Amino acid sequence: MPPSALREVEHEIVVAAPAADVYRLIAEVENWPRIFPPTIHVDHVERGEKEEVIRIWATANGEPKNWTSRRTLDPEALRIGFRQTISTPPVATMGGTWVIETLSDSESRIRLLHDYRAVDDDPKSLEWIDNAVDRNSRSELAALKGNVELAVAQSRELLLSFEDSVRINGSAKNAFDFVNEAQLWAERLPHVAKVRFEEDADGLQTLEMDTRAKDGSTHTTKSIRVTFPHHKIAYKQITLPALMSLHTGYWTFVEHEEADGTVVTTASSQHTVVINPENIARVLGPEAGVAEAREYVQGALSTNSLATLGHARDYAEAKG
């Protein structure tokens, strides 16, 4: 393979935060869906002190993809190396390094290095990868800058996390099936007006739906969902309501057997939201602030989640 087939690119950004804080945020992959716009979900496959294998689900040029990477963590040098062990076409190989450089006690530079090849060194595929890497790198660095600086500024009031749960006298599989079969939600859930649903062979789903609010109005959201039968569905909204600048979450289904042999499932819906302060006055009125927006968003999401969980409970219990 000729040396020219390997592409090497670099992106960088300066952030108003100590280098150690930036490193820690990048190292903690569980938070990536709320830090990096393209990332939908990350799971650990293997985990060690200095090396780990992670599986990442993310969008590339708007298309959902997933891959597995091995990472090498070096907290002393503030470097994180990564190499895809299982790539998704048109990517043949992909790797790189996060490099965090101290500029001062309160400022640092983030450098993101990539090297990659396209399958069969196809020029059109390489161009597609060029565009995806450039778009995602710029998006990731800008989001990382914003999230790091937000944390340093202690503007935590914009971040909202909560969970709703129901007890089901039935199996986790049946409850999971109800939430998983989102293409049927317009028929099964009163608050869902319309659904557009796609699913690939790996269980990666694209769900766009029109949801009815209490006042009868409808709003459209679009999510990418990652399914783990029959215990978890993780998702990230990529088309958001006006009051949110980020919304990620997951549905979980935990089954256990009681002393009398009864099968019981705890079904839960977890949400992580970042409030968009720029739209509060337009949506809730000029007197409203972040506190009112938090209450409104949690109320709306909990109402819909508990409605869905309630119908999932009825479905699972009817199945026996």
# chains A, B, ... in the order shown; residues from 1 in each chain; ligands from 1
$ select_by_dssp --residues "stretch 11-231 of chain A" --states "strand (DSSP E or B)" --output "ChimeraX atom specification"
/A:11-15,39-47,51-60,63-74,79-86,91-104,107-118,159-168,192-199,204-212,218-228
$ write_last_selection --atoms "C-alpha atoms" --output "CSV table (one decimal), in the first residue's frame"
chain,number,residue,atom,x,y,z
A,11,HIS,CA,-7.3,20.0,14.6
A,12,GLU,CA,-6.9,22.1,17.7
A,13,ILE,CA,-8.6,24.6,20.0
A,14,VAL,CA,-7.7,26.7,23.0
A,15,VAL,CA,-10.0,26.5,26.1
A,39,THR,CA,-21.6,10.7,20.0
A,40,ILE,CA,-24.8,8.7,20.8
A,41,HIS,CA,-23.5,6.1,23.2
A,42,VAL,CA,-20.2,4.6,24.5
A,43,ASP,CA,-19.7,1.2,26.3
A,44,HIS,CA,-16.6,-0.3,27.8
A,45,VAL,CA,-15.7,-3.7,26.3
A,46,GLU,CA,-12.5,-4.0,28.4
A,47,ARG,CA,-11.2,-1.7,31.1
A,51,GLU,CA,-5.6,0.6,28.5
A,52,GLU,CA,-9.2,0.0,27.6
A,53,VAL,CA,-11.4,-1.1,24.7
A,54,ILE,CA,-14.6,0.9,24.0
A,55,ARG,CA,-17.4,0.6,21.6
A,56,ILE,CA,-18.7,3.9,20.2
A,57,TRP,CA,-22.0,4.7,18.4
A,58,ALA,CA,-21.9,8.1,16.7
A,59,THR,CA,-23.1,9.9,13.6
A,60,ALA,CA,-20.7,10.6,10.7
A,63,GLU,CA,-25.2,8.7,9.2
A,64,PRO,CA,-25.2,6.6,12.4
A,65,LYS,CA,-22.1,4.4,12.6
A,66,ASN,CA,-20.4,2.3,15.3
A,67,TRP,CA,-16.9,1.1,15.9
A,68,THR,CA,-14.6,-0.4,18.5
A,69,SER,CA,-11.4,1.3,19.6
A,70,ARG,CA,-8.5,0.6,21.9
A,71,ARG,CA,-7.4,3.5,24.0
A,72,THR,CA,-4.1,4.1,25.9
A,73,LEU,CA,-4.4,6.5,28.8
A,74,ASP,CA,-1.4,8.6,29.9
A,79,ARG,CA,-2.2,12.2,26.2
A,80,ILE,CA,-4.9,9.6,25.1
A,81,GLY,CA,-4.1,7.4,22.1
A,82,PHE,CA,-6.8,5.6,20.2
A,83,ARG,CA,-6.9,3.0,17.5
A,84,GLN,CA,-10.1,1.5,15.9
A,85,THR,CA,-9.9,-2.3,16.3
A,86,ILE,CA,-13.1,-2.8,14.3
A,91,VAL,CA,-13.0,3.3,6.9
A,92,ALA,CA,-10.3,0.7,6.7
A,93,THR,CA,-8.1,1.9,9.6
A,94,MET,CA,-8.4,4.8,11.9
A,95,GLY,CA,-6.4,6.0,14.9
A,96,GLY,CA,-5.0,9.1,16.5
A,97,THR,CA,-4.1,10.9,19.7
A,98,TRP,CA,-5.7,13.5,22.0
A,99,VAL,CA,-2.9,15.9,23.3
A,100,ILE,CA,-3.6,18.4,26.0
A,101,GLU,CA,-1.0,21.2,26.4
A,102,THR,CA,-0.8,23.6,29.4
A,103,LEU,CA,-0.7,27.2,28.3
A,104,SER,CA,-1.2,28.6,31.8
A,107,GLU,CA,-5.8,27.9,29.8
A,108,SER,CA,-4.9,24.9,27.7
A,109,ARG,CA,-4.6,23.8,24.1
A,110,ILE,CA,-6.4,20.6,22.8
A,111,ARG,CA,-4.8,19.0,19.8
A,112,LEU,CA,-6.7,16.2,18.1
A,113,LEU,CA,-4.6,14.1,15.7
A,114,HIS,CA,-6.1,11.5,13.2
A,115,ASP,CA,-4.6,9.1,10.8
A,116,TYR,CA,-6.7,6.9,8.5
A,117,ARG,CA,-7.1,4.9,5.3
A,118,ALA,CA,-10.2,4.2,3.2
A,159,LEU,CA,-27.8,20.5,33.5
A,160,LEU,CA,-30.7,18.4,34.6
A,161,SER,CA,-30.7,14.6,35.2
A,162,PHE,CA,-33.6,12.5,36.6
A,163,GLU,CA,-35.2,9.0,36.3
A,164,ASP,CA,-38.7,7.6,36.4
A,165,SER,CA,-39.5,4.0,37.2
A,166,VAL,CA,-42.4,1.5,37.4
A,167,ARG,CA,-42.7,-2.0,38.7
A,168,ILE,CA,-44.0,-4.6,36.3
A,192,VAL,CA,-47.6,10.1,20.0
A,193,ALA,CA,-49.2,11.5,16.8
A,194,LYS,CA,-46.9,10.1,14.1
A,195,VAL,CA,-43.7,8.0,13.9
A,196,ARG,CA,-41.0,7.6,11.2
A,197,PHE,CA,-38.8,4.7,12.1
A,198,GLU,CA,-35.7,2.9,10.6
A,199,GLU,CA,-33.6,0.1,12.0
A,204,LEU,CA,-29.3,0.8,15.5
A,205,GLN,CA,-32.5,2.8,15.2
A,206,THR,CA,-33.5,6.2,13.9
A,207,LEU,CA,-36.8,7.4,15.5
A,208,GLU,CA,-38.5,10.6,14.4
A,209,MET,CA,-41.9,11.3,16.0
A,210,ASP,CA,-44.5,14.0,16.5
A,211,THR,CA,-45.5,14.2,20.1
A,212,ARG,CA,-48.7,15.9,21.5
A,218,THR,CA,-47.3,18.9,18.5
A,219,HIS,CA,-43.6,19.0,18.3
A,220,THR,CA,-41.2,16.9,16.3
A,221,THR,CA,-38.1,15.2,17.7
A,222,LYS,CA,-35.6,12.9,16.1
A,223,SER,CA,-33.4,10.4,18.0
A,224,ILE,CA,-30.8,7.8,17.3
A,225,ARG,CA,-31.2,4.7,19.5
A,226,VAL,CA,-28.8,1.9,20.4
A,227,THR,CA,-30.5,-1.3,21.5
A,228,PHE,CA,-29.2,-4.0,23.9
$ atom_distance --atom1 "atom CA of A:Ile280" --atom2 "atom CA of A:Ser268"
28.2 Å
$ residues_around --residues "A:Ala316" --least-positions-apart "5" --cutoff "10 Å" --atoms "only C-alpha atoms" --output "ChimeraX atom specification"
/A:168-178,265,310-311
$ atom_distance --atom1 "atom CA of A:Ala17" --atom2 "atom CA of A:Lys145"
8.6 Å
$ residues_around --residues "A:Ser139" --least-positions-apart "3" --cutoff "9 Å" --atoms "only C-alpha atoms" --output "NGL selection string"
:A and (36-38 or 134-136 or 142-144)
$ residues_around --residues "A:Glu278" --least-positions-apart "3" --cutoff "10 Å" --atoms "only C-alpha atoms" --output "list in words"
Ala242, Leu243, Met244, Ser245, Ile275, Ala281, Arg282 and Val283 of chain A
$ write_last_selection --atoms "C-alpha atoms" --output "mmCIF file, in the first residue's frame"
data_model
loop_
_atom_site.group_PDB
_atom_site.id
_atom_site.type_symbol
_atom_site.label_atom_id
_atom_site.label_comp_id
_atom_site.auth_asym_id
_atom_site.auth_seq_id
_atom_site.Cartn_x
_atom_site.Cartn_y
_atom_site.Cartn_z
ATOM 1 C CA ALA A 242 -36.681 24.652 21.819
ATOM 2 C CA LEU A 243 -35.977 24.538 25.557
ATOM 3 C CA MET A 244 -33.181 21.952 25.245
ATOM 4 C CA SER A 245 -29.701 22.207 23.771
ATOM 5 C CA ILE A 275 -31.485 23.735 29.177
ATOM 6 C CA ALA A 281 -38.563 33.767 27.365
ATOM 7 C CA ARG A 282 -39.987 32.849 23.943
ATOM 8 C CA VAL A 283 -41.436 29.536 25.162
#
$ atom_distance --atom1 "atom CA of A:Gln270" --atom2 "atom CA of A:Trp251"
6.4 Å
$ closest_residue --among "A:Ile129, A:Arg34, A:Ile233, A:Val22" --to "A:Ala182" --atoms "only C-alpha atoms"
A:Ile233
$ select_by_dssp --residues "stretch 4-204 of chain A" --states "helix (DSSP H, G or I)" --output "VMD selection string"
chain A and resid 4 to 5 19 to 27 29 to 35 119 to 121 123 to 152 156 to 158 172 to 180 182 to 188
$ closest_residue --among "A:Ala259, A:Ala19, A:Ala291, A:Ala300" --to "A:Glu157" --atoms "only C-alpha atoms"
A:Ala291
$ residues_around --residues "A:Asn304" --least-positions-apart "2" --cutoff "12 Å" --atoms "only C-alpha atoms" --output "ChimeraX atom specification"
/A:164,185,189-192,211-214,269,271,297-302,306-311
